[in-house]
Amino acid sequence: MSSTNNAENLSEAIERMREKYRVEREKRLRPDGSDQFIEVKDQFAHFSKDPFVNEDAGRARRNSKAEVVIVGGGFGGLLTAARFSTAGYTDICVIEEGGDFGGTWYWNRYPGAQCDIESYVYLPLLEELGYMPTEKYAHADEIFNHSRAIGEHYGLYEQALFQTRMVDADWNEEAGTWSVLTDGGDKVEAQFLVLATGNLTRPKLPGIPGIEKFKGHIFHTSRWDYDYTGGDNRGGMTGLADKRVAIVGSGATAVQAVPKLAQSAEHLFVCQRTPSTIDVRANGPTDKEWFSKLEKGWQQERIENLTNILNGLPQAEDLVADGWTDLMHKMIEANREAKKGGDRGVPPMRLAQYRKMEEIRARVDQCVEDEAAAEALKPYYDMFCKRPCFHDEYLPSFNRDNVTLLDTDGQGVDGITASGVVVKGEEYPVDCIIFATGFEVGVSMQRRVGIDLNGRNGLRLSEKWADGPRTLHGIHVNGFPNCFILGGVQSTIAFNVPHHLDEQARTIALILEEIREKGLGRVEATEDAEKAWVDGIINDGQKVSLPGQDPCTPGYYNNEGQSTKNGRYFRAFKGGPPRYFKKLKAWREDGNFDGINFG
Ligand code: NDP
């Protein structure tokens with residue numbers, strides 16, 4: 001009897017909670033969806049200005065040749081260059097908007113920035129470089145330095161074009177080369193072109209009324225102004241000691257920056273629209289002895305182990321054993337238990353979700369003293385509706401006297417005046433506003449990175465993709481020979497992004513090896529193979545955005561709760577990263593190069 005009652009109680013509790021989730025979601029849905037955000041152009045262009053370089057560095061225009069042009073000097077570009085180099089291609093020109101290699105880690109130097117995936121699987125090419133990360137979750141400065149070390153190791157500095165954007169590229173059918181043009185007036189002729197331009201690159205601003213009126217200091221987290229704040233990635237921002245600071249946003253970036261700001265600012269206001277899930281981090285220094293005993297091939301094994309666990313594939317051992325994998329084990333365990341229990345009348349995954357989120361909410365109560373603040377910091381949606389966060393200092397920051405949570409109850413900041421932020425009708429005067437409001441997602445490659453290409457017979461990529469992207473493996477596009485896309489659409493969505501990039505880089509490197517070995521000149525996806533892949537994605541692909549799913553509040557993971565135009569084209573290969581990586585690996589090992597033609 002009591003077990004039935006318990007089952008009923010649980011079932012009712014879950015239903016009540018889901019009703020709350022629905023209310024929280026409805027509260028946040030807005031008709032303007034992604035259009036609520038402001039592009040960093042025109043009067044807002046200064047928000048994307050690079051604070052880490054001297055803008056007048058000036059260099060002579062380049063008119064040169066290279067075997068390969070790689071657009072993007074982040075992990076995607078670096079991994080491609082590394083794999084190409086091993087395959088014998090060393091004449092590589094990297095075109096990069098930032099002043100150095102690093103990509104995400106060039107731009108995101110905000111205080112507290114660190115990788116949220118374990119360093120031993122996240123930092124690329126550790127064995128190749130013989131590098132041991134200093135911590136389980138390395139800080140941004142270390143990751144940036146590692147990116148530079150990769151650039152040095154593979155000799156990429158000599159030809160690299162920094163502070164430079166590719167603006168166009170033309171395929172020359174006769175010569176079998178790409179002519180790549182940049183905003184610096186450079187022209188580089190190359191046999192191969194790789195687009196490794198990343199996904200979360202262009203900062204976006206919240207469309208808060210009055211945003212242009214603020215007279216104090218204002219910037220985006222990905223362009224941190226250390227001249228103003230003082231300090232560095234590790235904190236110590238002495239420039240804020242007499243400043244009242246507002247940070248807008250409470251996503252993965254804000255969660256890392258808030259504890260450091262709290263330590264430095266005279267007063268910190270955290271403007272929250274939706275709280276993140278904050279689980280245990282437990283960072284610590286690398287055990288040198290353990291690291292020195294790792295055997296050759298350990299990194300790939302560890303990378304695959306993590307990807308498999310995160311996608312629910314049982315492994316003999318959990319090598320990473322951290323918050324991410326714990327999360328998955330708990331979800332799987334609860335799912336298994338719920339299946340056994342049977343009589344609860346609740347779908348197993350729903351029960352697992354409920355339990356995990358209750359644990360996350362209980363942690364808020366344990367860490368935050370003020371009851372009202374604790375309640376406001378509790379997330380009411382399913383796990384993975386937003387990027388899960390792991391941090392041990394974020395929640396306790398709200399116990400400090402100099403930190404105020406300005407919860408907007410899902411509505412966002414009402415307005416910005418000349419001297420402060422307005423939340424729930426009340427103005428809070430501040431000296432500085434920092435936007436931790438994320439990056440443009442789901443907009444075209446042309447808008448995100450300003451890239452378009454002229455393929456065979458003058459075909460524009462933007463024209464070919466007018467109704468949605470068309471690729472083979474998410475890498476090749478028919479009509480665009482010798483061009484490869486990394487980390488893009490129609491492939492997969494991996495939490496550990498470098499794993500995704502490396503699997504693609506290895507695949508492309510093998511193609512280049514074949515070209516060299518056989519003395520060939522070009523490669524292109526066939527129309528049929530591309531069609532088959534696109535049909536598979538459209539008809540059978542995994543949705544990456546779930547606008548109709550009520551457990552999720554809006555955000556960039558679900559296109560702000562709206563359906564995506566031609567969304568079927570943006571789906572991922574079904575079965576998650578392990579299946580996509582397996583598919584690429586089998587394709588590499590098979591040696592038939594199915595779906596592409598060489599010439
Ligand atoms: P997000 O897009 O995740 O978060 C933006 C934040 O701004 C949200 O909290 C959003 O609220 C809030 N916001 C937007 N508009 C308003 C408004 N008008 N008023 C108040 N708040 C507003 O950006 P992040 O930079 O935090 O993270 C982006 C991604 O970068 C992450 O998802 C992750 O993939 C990656 N990242 C990775 C890290 C790593 O260690 N590898 C570290 C940090 C980030 P709402 O949720 O309501 O929309």
# chains A, B, ... in the order shown; residues from 1 in each chain; ligands from 1
$ residues_around --residues "A:Val194" --least-positions-apart "5" --cutoff "10 Å" --atoms "only C-alpha atoms" --output "PDB file with N, CA and C atoms, in the first residue's frame"
ATOM      1  N   VAL A  68      48.048  24.483 -48.896  1.00  0.00           N
ATOM      2  CA  VAL A  68      46.789  24.467 -48.164  1.00  0.00           C
ATOM      3  C   VAL A  68      46.538  25.826 -47.514  1.00  0.00           C
ATOM      4  N   VAL A  69      45.290  26.310 -47.643  1.00  0.00           N
ATOM      5  CA  VAL A  69      44.863  27.446 -46.818  1.00  0.00           C
ATOM      6  C   VAL A  69      43.851  26.917 -45.809  1.00  0.00           C
ATOM      7  N   ILE A  70      44.091  27.230 -44.555  1.00  0.00           N
ATOM      8  CA  ILE A  70      43.128  26.865 -43.515  1.00  0.00           C
ATOM      9  C   ILE A  70      42.571  28.159 -42.956  1.00  0.00           C
ATOM     10  N   VAL A  71      41.259  28.293 -42.994  1.00  0.00           N
ATOM     11  CA  VAL A  71      40.641  29.494 -42.442  1.00  0.00           C
ATOM     12  C   VAL A  71      40.215  29.194 -41.014  1.00  0.00           C
ATOM     13  N   GLY A  72      40.856  29.829 -40.061  1.00  0.00           N
ATOM     14  CA  GLY A  72      40.575  29.590 -38.646  1.00  0.00           C
ATOM     15  C   GLY A  72      41.765  28.962 -37.949  1.00  0.00           C
ATOM     16  N   GLY A  76      40.206  23.584 -34.469  1.00  0.00           N
ATOM     17  CA  GLY A  76      39.894  22.931 -35.743  1.00  0.00           C
ATOM     18  C   GLY A  76      41.029  23.121 -36.733  1.00  0.00           C
ATOM     19  N   GLY A  77      41.460  24.368 -36.894  1.00  0.00           N
ATOM     20  CA  GLY A  77      42.541  24.672 -37.830  1.00  0.00           C
ATOM     21  C   GLY A  77      43.843  24.029 -37.397  1.00  0.00           C
ATOM     22  N   THR A  80      43.753  20.250 -37.950  1.00  0.00           N
ATOM     23  CA  THR A  80      43.872  19.938 -39.378  1.00  0.00           C
ATOM     24  C   THR A  80      45.325  20.095 -39.814  1.00  0.00           C
ATOM     25  N   ALA A  81      45.930  21.213 -39.426  1.00  0.00           N
ATOM     26  CA  ALA A  81      47.322  21.455 -39.808  1.00  0.00           C
ATOM     27  C   ALA A  81      48.221  20.336 -39.277  1.00  0.00           C
ATOM     28  N   VAL A  94      47.626  29.599 -42.553  1.00  0.00           N
ATOM     29  CA  VAL A  94      46.421  29.737 -41.731  1.00  0.00           C
ATOM     30  C   VAL A  94      45.995  31.202 -41.749  1.00  0.00           C
ATOM     31  N   ILE A 475      31.350  17.413 -44.405  1.00  0.00           N
ATOM     32  CA  ILE A 475      32.722  17.839 -44.711  1.00  0.00           C
ATOM     33  C   ILE A 475      32.859  18.360 -46.157  1.00  0.00           C
ATOM     34  N   ASN A 482      38.156  20.192 -53.656  1.00  0.00           N
ATOM     35  CA  ASN A 482      39.331  20.486 -52.809  1.00  0.00           C
ATOM     36  C   ASN A 482      39.032  21.424 -51.648  1.00  0.00           C
ATOM     37  N   CYS A 483      37.752  21.461 -51.257  1.00  0.00           N
ATOM     38  CA  CYS A 483      37.364  22.311 -50.123  1.00  0.00           C
ATOM     39  C   CYS A 483      36.740  21.419 -49.051  1.00  0.00           C
ATOM     40  N   PHE A 484      37.092  21.662 -47.821  1.00  0.00           N
ATOM     41  CA  PHE A 484      36.615  20.825 -46.714  1.00  0.00           C
ATOM     42  C   PHE A 484      36.112  21.724 -45.589  1.00  0.00           C
ATOM     43  N   ILE A 485      35.033  21.264 -44.965  1.00  0.00           N
ATOM     44  CA  ILE A 485      34.462  22.048 -43.862  1.00  0.00           C
ATOM     45  C   ILE A 485      34.598  21.249 -42.572  1.00  0.00           C
ATOM     46  N   LEU A 486      35.009  21.930 -41.532  1.00  0.00           N
ATOM     47  CA  LEU A 486      35.217  21.256 -40.251  1.00  0.00           C
ATOM     48  C   LEU A 486      34.174  21.674 -39.216  1.00  0.00           C
ATOM     49  N   ALA A 505      39.461  16.019 -39.105  1.00  0.00           N
ATOM     50  CA  ALA A 505      40.801  16.372 -39.602  1.00  0.00           C
ATOM     51  C   ALA A 505      41.540  15.121 -40.086  1.00  0.00           C
ATOM     52  N   ILE A 508      40.137  14.047 -43.505  1.00  0.00           N
ATOM     53  CA  ILE A 508      40.579  14.890 -44.623  1.00  0.00           C
ATOM     54  C   ILE A 508      42.064  14.619 -44.925  1.00  0.00           C
TER      55      ILE A 508
END
$ select_by_dssp --residues "stretch 419-501 of chain A" --states "helix (DSSP H, G or I)" --output "list of chain:residue names"
A:Met445, A:Gln446, A:Arg447, A:Arg448, A:Val449, A:Arg456, A:Asn457, A:Gly458, A:Leu461, A:Ser462, A:Glu463, A:Lys464, A:Val497, A:Pro498, A:His499, A:His500, A:Leu501
$ atom_distance --atom1 "atom CA of A:Ile38" --atom2 "atom CA of A:Ile208"
8.9 Å
$ select_by_dssp --residues "stretch 303-417 of chain A" --states "strand (DSSP E)" --output "list in words"
Cys389, Phe390, Val403, Thr404, Leu405, Leu406, Asp407, Gly415 and Ile416 of chain A
$ closest_atom_pairs --of "chain A" --to "ligand 1" --cutoff "6 Å" --atoms "only C-alpha atoms and all ligand atoms" --output "JSON lines"
{"residue": "A:Gln114", "atom": "CA", "partner": "ligand 1", "partner_atom_place_in_ligand_line": "40 (O)", "distance": 5.1}
{"residue": "A:Cys115", "atom": "CA", "partner": "ligand 1", "partner_atom_place_in_ligand_line": "40 (O)", "distance": 3.4}
{"residue": "A:Asp116", "atom": "CA", "partner": "ligand 1", "partner_atom_place_in_ligand_line": "40 (O)", "distance": 3.6}
{"residue": "A:Pro206", "atom": "CA", "partner": "ligand 1", "partner_atom_place_in_ligand_line": "15 (N)", "distance": 4.6}
{"residue": "A:Ile208", "atom": "CA", "partner": "ligand 1", "partner_atom_place_in_ligand_line": "18 (N)", "distance": 5.5}
{"residue": "A:Val248", "atom": "CA", "partner": "ligand 1", "partner_atom_place_in_ligand_line": "21 (N)", "distance": 5.1}
{"residue": "A:Gly249", "atom": "CA", "partner": "ligand 1", "partner_atom_place_in_ligand_line": "7 (O)", "distance": 3.4}
{"residue": "A:Ser250", "atom": "CA", "partner": "ligand 1", "partner_atom_place_in_ligand_line": "9 (O)", "distance": 3.7}
{"residue": "A:Gly251", "atom": "CA", "partner": "ligand 1", "partner_atom_place_in_ligand_line": "26 (O)", "distance": 3.5}
{"residue": "A:Ala252", "atom": "CA", "partner": "ligand 1", "partner_atom_place_in_ligand_line": "26 (O)", "distance": 3.9}
{"residue": "A:Thr253", "atom": "CA", "partner": "ligand 1", "partner_atom_place_in_ligand_line": "26 (O)", "distance": 3.7}
{"residue": "A:Ala254", "atom": "CA", "partner": "ligand 1", "partner_atom_place_in_ligand_line": "26 (O)", "distance": 5.6}
{"residue": "A:Cys271", "atom": "CA", "partner": "ligand 1", "partner_atom_place_in_ligand_line": "20 (C)", "distance": 5.7}
{"residue": "A:Gln272", "atom": "CA", "partner": "ligand 1", "partner_atom_place_in_ligand_line": "21 (N)", "distance": 5.3}
{"residue": "A:Arg273", "atom": "CA", "partner": "ligand 1", "partner_atom_place_in_ligand_line": "47 (O)", "distance": 4.3}
{"residue": "A:Thr274", "atom": "CA", "partner": "ligand 1", "partner_atom_place_in_ligand_line": "47 (O)", "distance": 4.1}
{"residue": "A:Arg387", "atom": "CA", "partner": "ligand 1", "partner_atom_place_in_ligand_line": "32 (O)", "distance": 4.8}
{"residue": "A:Gly412", "atom": "CA", "partner": "ligand 1", "partner_atom_place_in_ligand_line": "19 (N)", "distance": 3.3}
{"residue": "A:Val413", "atom": "CA", "partner": "ligand 1", "partner_atom_place_in_ligand_line": "19 (N)", "distance": 4.3}
{"residue": "A:Ala436", "atom": "CA", "partner": "ligand 1", "partner_atom_place_in_ligand_line": "25 (O)", "distance": 5.3}
{"residue": "A:Thr437", "atom": "CA", "partner": "ligand 1", "partner_atom_place_in_ligand_line": "7 (O)", "distance": 3.5}
{"residue": "A:Gly438", "atom": "CA", "partner": "ligand 1", "partner_atom_place_in_ligand_line": "23 (O)", "distance": 3.2}
{"residue": "A:Gly555", "atom": "CA", "partner": "ligand 1", "partner_atom_place_in_ligand_line": "48 (O)", "distance": 4.6}
{"residue": "A:Tyr556", "atom": "CA", "partner": "ligand 1", "partner_atom_place_in_ligand_line": "2 (O)", "distance": 5.9}
$ residues_around --residues "A:Asp452" --least-positions-apart "5" --cutoff "7 Å" --atoms "only C-alpha atoms" --output "VMD selection string"
chain A and resid 168 446 460 to 462
$ write_last_selection --atoms "N, CA and C atoms" --output "short mmCIF file (atom, residue, chain, number, x, y, z; two decimals), in the first residue's frame"
data_model
loop_
_atom_site.label_atom_id
_atom_site.label_comp_id
_atom_site.auth_asym_id
_atom_site.auth_seq_id
_atom_site.Cartn_x
_atom_site.Cartn_y
_atom_site.Cartn_z
N ASP A 168 36.53 36.13 -49.46
CA ASP A 168 35.99 35.41 -50.61
C ASP A 168 37.01 34.38 -51.07
N GLN A 446 27.59 32.80 -43.78
CA GLN A 446 27.89 34.11 -44.35
C GLN A 446 27.78 35.19 -43.28
N ARG A 460 27.84 29.94 -56.14
CA ARG A 460 28.09 30.50 -54.80
C ARG A 460 27.61 29.50 -53.76
N LEU A 461 28.37 29.36 -52.69
CA LEU A 461 27.95 28.45 -51.62
C LEU A 461 26.62 28.93 -51.03
N SER A 462 26.46 30.24 -50.88
CA SER A 462 25.22 30.77 -50.31
C SER A 462 24.03 30.42 -51.20
#
$ residues_around --residues "stretch 562-566 of chain A" --least-positions-apart "2" --cutoff "7 Å" --atoms "only C-alpha atoms" --output "ChimeraX atom specification"
/A:33,467-468,547,559-560,568-569
$ residues_around --residues "A:Glu440" --least-positions-apart "5" --cutoff "8 Å" --atoms "only C-alpha atoms" --output "mmCIF file with N, CA and C atoms, in the first residue's frame"
data_model
loop_
_atom_site.group_PDB
_atom_site.id
_atom_site.type_symbol
_atom_site.label_atom_id
_atom_site.label_comp_id
_atom_site.auth_asym_id
_atom_site.auth_seq_id
_atom_site.Cartn_x
_atom_site.Cartn_y
_atom_site.Cartn_z
ATOM 1 N N LEU A 200 30.869 28.981 -32.215
ATOM 2 C CA LEU A 200 30.480 30.042 -31.264
ATOM 3 C C LEU A 200 31.558 31.114 -31.319
ATOM 4 N N THR A 201 31.519 31.920 -32.356
ATOM 5 C CA THR A 201 32.629 32.836 -32.554
ATOM 6 C C THR A 201 32.225 34.307 -32.471
ATOM 7 N N ARG A 202 31.029 34.606 -32.928
ATOM 8 C CA ARG A 202 30.657 36.012 -33.029
ATOM 9 C C ARG A 202 29.849 36.430 -31.810
ATOM 10 N N PRO A 203 30.381 37.355 -30.992
ATOM 11 C CA PRO A 203 29.624 37.750 -29.800
ATOM 12 C C PRO A 203 28.279 38.344 -30.164
ATOM 13 N N LYS A 204 27.289 38.121 -29.320
ATOM 14 C CA LYS A 204 26.010 38.784 -29.551
ATOM 15 C C LYS A 204 25.615 39.577 -28.309
ATOM 16 N N ARG A 448 27.738 34.613 -39.878
ATOM 17 C CA ARG A 448 28.551 34.315 -38.699
ATOM 18 C C ARG A 448 30.018 34.637 -38.918
#
$ closest_residue --among "A:Val403, A:Leu205, A:Ala334, A:Met17" --to "A:Ala45" --atoms "only C-alpha atoms"
A:Leu205
$ closest_residue --among "A:Phe192, A:Ile493, A:Lys518, A:Val422" --to "A:Pro481" --atoms "only C-alpha atoms"
A:Phe192
$ residues_around --residues "A:Pro209" --least-positions-apart "5" --cutoff "9 Å" --atoms "only C-alpha atoms" --output "short mmCIF file (atom, residue, chain, number, x, y, z; two decimals) with C-alpha atoms, in the first residue's frame"
data_model
loop_
_atom_site.label_atom_id
_atom_site.label_comp_id
_atom_site.auth_asym_id
_atom_site.auth_seq_id
_atom_site.Cartn_x
_atom_site.Cartn_y
_atom_site.Cartn_z
CA VAL A 413 16.97 43.23 -17.92
CA ASP A 414 14.20 45.85 -18.44
CA GLY A 415 16.48 48.59 -19.63
CA ILE A 416 19.82 50.29 -19.54
CA THR A 417 20.14 53.97 -18.64
#
$ atom_distance --atom1 "atom CA of A:Ser147" --atom2 "atom CA of A:Leu195"
17.9 Å
$ closest_residue --among "A:Cys552, A:Arg400, A:Trp171, A:Trp298" --to "A:Gly479" --atoms "only C-alpha atoms"
A:Trp171
$ residues_around --residues "A:Pro388" --least-positions-apart "2" --cutoff "10 Å" --atoms "only C-alpha atoms" --output "ChimeraX atom specification"
/A:116,251-252,276-279,323-324,327,383-386,390
$ write_last_selection --atoms "N, CA, C and O atoms" --output "compact mmCIF listing (two decimals), in the first residue's frame"
# COMPACT_ATOMS: atom_id res chain seq x y z
N ASP A 116 35.69 23.28 -19.51
CA ASP A 116 34.76 22.58 -18.63
C ASP A 116 34.76 21.08 -18.90
O ASP A 116 34.06 20.32 -18.26
N GLY A 251 24.93 32.10 -18.00
CA GLY A 251 25.29 30.86 -18.70
C GLY A 251 26.67 30.39 -18.28
O GLY A 251 27.25 30.88 -17.28
N ALA A 252 27.25 29.49 -19.08
CA ALA A 252 28.53 28.87 -18.72
C ALA A 252 29.65 29.89 -18.52
O ALA A 252 30.52 29.71 -17.66
N SER A 276 21.60 28.54 -14.50
CA SER A 276 22.22 27.33 -15.07
C SER A 276 22.18 26.21 -14.04
O SER A 276 21.95 26.45 -12.86
N THR A 277 22.43 24.98 -14.48
CA THR A 277 22.61 23.88 -13.54
C THR A 277 24.08 23.90 -13.11
O THR A 277 24.97 23.95 -13.95
N ILE A 278 24.30 23.88 -11.79
CA ILE A 278 25.68 23.97 -11.29
C ILE A 278 26.00 22.72 -10.47
O ILE A 278 25.53 22.57 -9.34
N ASP A 279 26.81 21.86 -11.04
CA ASP A 279 27.19 20.62 -10.35
C ASP A 279 28.62 20.76 -9.80
O ASP A 279 29.30 21.76 -10.06
N GLY A 323 32.31 15.08 -13.14
CA GLY A 323 30.92 15.50 -13.07
C GLY A 323 30.12 15.10 -14.30
O GLY A 323 28.96 14.71 -14.20
N TRP A 324 30.75 15.20 -15.48
CA TRP A 324 30.04 14.85 -16.71
C TRP A 324 29.67 13.37 -16.71
O TRP A 324 28.54 13.00 -17.01
N LEU A 327 27.18 12.37 -14.09
CA LEU A 327 25.85 12.77 -14.55
C LEU A 327 25.24 11.67 -15.41
O LEU A 327 24.10 11.26 -15.22
N MET A 383 17.69 18.44 -17.50
CA MET A 383 19.14 18.44 -17.70
C MET A 383 19.43 18.47 -19.20
O MET A 383 18.71 17.84 -19.97
N PHE A 384 20.46 19.17 -19.60
CA PHE A 384 20.91 19.28 -20.99
C PHE A 384 20.05 20.21 -21.84
O PHE A 384 20.24 20.30 -23.04
N CYS A 385 19.05 20.87 -21.21
CA CYS A 385 18.34 21.90 -21.97
C CYS A 385 19.30 23.06 -22.23
O CYS A 385 19.16 23.82 -23.18
N LYS A 386 20.25 23.21 -21.30
CA LYS A 386 21.32 24.21 -21.44
C LYS A 386 22.63 23.49 -21.16
O LYS A 386 22.62 22.40 -20.61
N PHE A 390 29.68 23.22 -14.10
CA PHE A 390 30.29 22.58 -12.94
C PHE A 390 31.16 23.65 -12.29
O PHE A 390 32.08 24.18 -12.93
$ closest_residue --among "A:Lys27, A:Gly185, A:Lys296, A:Leu512" --to "A:Gly88" --atoms "only C-alpha atoms"
A:Leu512
$ decode --residues "stretch 571-595 of chain A" --atoms "N, CA and C atoms" --output "PDB file, in the first residue's frame"
ATOM      1  N   ARG A 571      19.948  18.976 -39.040  1.00  0.00           N
ATOM      2  CA  ARG A 571      20.023  17.853 -38.107  1.00  0.00           C
ATOM      3  C   ARG A 571      21.411  17.225 -38.126  1.00  0.00           C
ATOM      4  N   ALA A 572      21.658  16.411 -37.091  1.00  0.00           N
ATOM      5  CA  ALA A 572      22.954  15.730 -36.984  1.00  0.00           C
ATOM      6  C   ALA A 572      22.792  14.267 -37.399  1.00  0.00           C
ATOM      7  N   PHE A 573      23.901  13.641 -37.703  1.00  0.00           N
ATOM      8  CA  PHE A 573      23.888  12.224 -38.059  1.00  0.00           C
ATOM      9  C   PHE A 573      23.303  11.433 -36.890  1.00  0.00           C
ATOM     10  N   LYS A 574      22.370  10.559 -37.221  1.00  0.00           N
ATOM     11  CA  LYS A 574      21.638   9.860 -36.160  1.00  0.00           C
ATOM     12  C   LYS A 574      22.544   8.934 -35.336  1.00  0.00           C
ATOM     13  N   GLY A 575      22.336   8.925 -34.044  1.00  0.00           N
ATOM     14  CA  GLY A 575      23.080   7.988 -33.206  1.00  0.00           C
ATOM     15  C   GLY A 575      24.173   8.666 -32.391  1.00  0.00           C
ATOM     16  N   GLY A 576      24.287   9.974 -32.550  1.00  0.00           N
ATOM     17  CA  GLY A 576      25.240  10.724 -31.722  1.00  0.00           C
ATOM     18  C   GLY A 576      26.678  10.575 -32.183  1.00  0.00           C
ATOM     19  N   PRO A 577      27.590  11.254 -31.491  1.00  0.00           N
ATOM     20  CA  PRO A 577      29.003  11.263 -31.899  1.00  0.00           C
ATOM     21  C   PRO A 577      29.616   9.871 -32.088  1.00  0.00           C
ATOM     22  N   PRO A 578      29.404   8.898 -31.181  1.00  0.00           N
ATOM     23  CA  PRO A 578      30.097   7.613 -31.388  1.00  0.00           C
ATOM     24  C   PRO A 578      29.766   6.999 -32.745  1.00  0.00           C
ATOM     25  N   ARG A 579      28.504   7.115 -33.150  1.00  0.00           N
ATOM     26  CA  ARG A 579      28.107   6.487 -34.416  1.00  0.00           C
ATOM     27  C   ARG A 579      28.692   7.264 -35.601  1.00  0.00           C
ATOM     28  N   TYR A 580      28.705   8.576 -35.481  1.00  0.00           N
ATOM     29  CA  TYR A 580      29.283   9.390 -36.573  1.00  0.00           C
ATOM     30  C   TYR A 580      30.785   9.129 -36.688  1.00  0.00           C
ATOM     31  N   PHE A 581      31.475   9.082 -35.546  1.00  0.00           N
ATOM     32  CA  PHE A 581      32.927   8.850 -35.581  1.00  0.00           C
ATOM     33  C   PHE A 581      33.239   7.454 -36.121  1.00  0.00           C
ATOM     34  N   LYS A 582      32.394   6.500 -35.734  1.00  0.00           N
ATOM     35  CA  LYS A 582      32.575   5.126 -36.214  1.00  0.00           C
ATOM     36  C   LYS A 582      32.403   5.088 -37.729  1.00  0.00           C
ATOM     37  N   LYS A 583      31.429   5.830 -38.192  1.00  0.00           N
ATOM     38  CA  LYS A 583      31.154   5.893 -39.636  1.00  0.00           C
ATOM     39  C   LYS A 583      32.385   6.451 -40.378  1.00  0.00           C
ATOM     40  N   LEU A 584      32.948   7.548 -39.847  1.00  0.00           N
ATOM     41  CA  LEU A 584      34.129   8.142 -40.489  1.00  0.00           C
ATOM     42  C   LEU A 584      35.314   7.179 -40.440  1.00  0.00           C
ATOM     43  N   LYS A 585      35.479   6.530 -39.296  1.00  0.00           N
ATOM     44  CA  LYS A 585      36.610   5.607 -39.137  1.00  0.00           C
ATOM     45  C   LYS A 585      36.484   4.444 -40.128  1.00  0.00           C
ATOM     46  N   ALA A 586      35.279   3.904 -40.215  1.00  0.00           N
ATOM     47  CA  ALA A 586      35.062   2.781 -41.141  1.00  0.00           C
ATOM     48  C   ALA A 586      35.336   3.247 -42.568  1.00  0.00           C
ATOM     49  N   TRP A 587      34.939   4.463 -42.869  1.00  0.00           N
ATOM     50  CA  TRP A 587      35.159   5.027 -44.217  1.00  0.00           C
ATOM     51  C   TRP A 587      36.659   5.155 -44.491  1.00  0.00           C
ATOM     52  N   ARG A 588      37.388   5.570 -43.464  1.00  0.00           N
ATOM     53  CA  ARG A 588      38.852   5.704 -43.626  1.00  0.00           C
ATOM     54  C   ARG A 588      39.494   4.338 -43.825  1.00  0.00           C
ATOM     55  N   GLU A 589      39.065   3.376 -43.005  1.00  0.00           N
ATOM     56  CA  GLU A 589      39.703   2.065 -43.035  1.00  0.00           C
ATOM     57  C   GLU A 589      39.347   1.269 -44.277  1.00  0.00           C
ATOM     58  N   ASP A 590      38.179   1.504 -44.777  1.00  0.00           N
ATOM     59  CA  ASP A 590      37.681   0.779 -45.937  1.00  0.00           C
ATOM     60  C   ASP A 590      38.555   1.044 -47.174  1.00  0.00           C
ATOM     61  N   GLY A 591      39.052   2.283 -47.275  1.00  0.00           N
ATOM     62  CA  GLY A 591      40.002   2.606 -48.338  1.00  0.00           C
ATOM     63  C   GLY A 591      39.393   2.810 -49.716  1.00  0.00           C
ATOM     64  N   ASN A 592      38.064   2.707 -49.827  1.00  0.00           N
ATOM     65  CA  ASN A 592      37.430   2.886 -51.148  1.00  0.00           C
ATOM     66  C   ASN A 592      37.096   4.336 -51.465  1.00  0.00           C
ATOM     67  N   PHE A 593      37.145   5.172 -50.467  1.00  0.00           N
ATOM     68  CA  PHE A 593      36.797   6.585 -50.627  1.00  0.00           C
ATOM     69  C   PHE A 593      35.424   6.753 -51.288  1.00  0.00           C
ATOM     70  N   ASP A 594      34.475   5.974 -50.778  1.00  0.00           N
ATOM     71  CA  ASP A 594      33.119   6.024 -51.339  1.00  0.00           C
ATOM     72  C   ASP A 594      32.542   7.430 -51.285  1.00  0.00           C
ATOM     73  N   GLY A 595      31.943   7.831 -52.366  1.00  0.00           N
ATOM     74  CA  GLY A 595      31.208   9.106 -52.376  1.00  0.00           C
ATOM     75  C   GLY A 595      32.035  10.290 -52.823  1.00  0.00           C
TER      76      GLY A 595
END
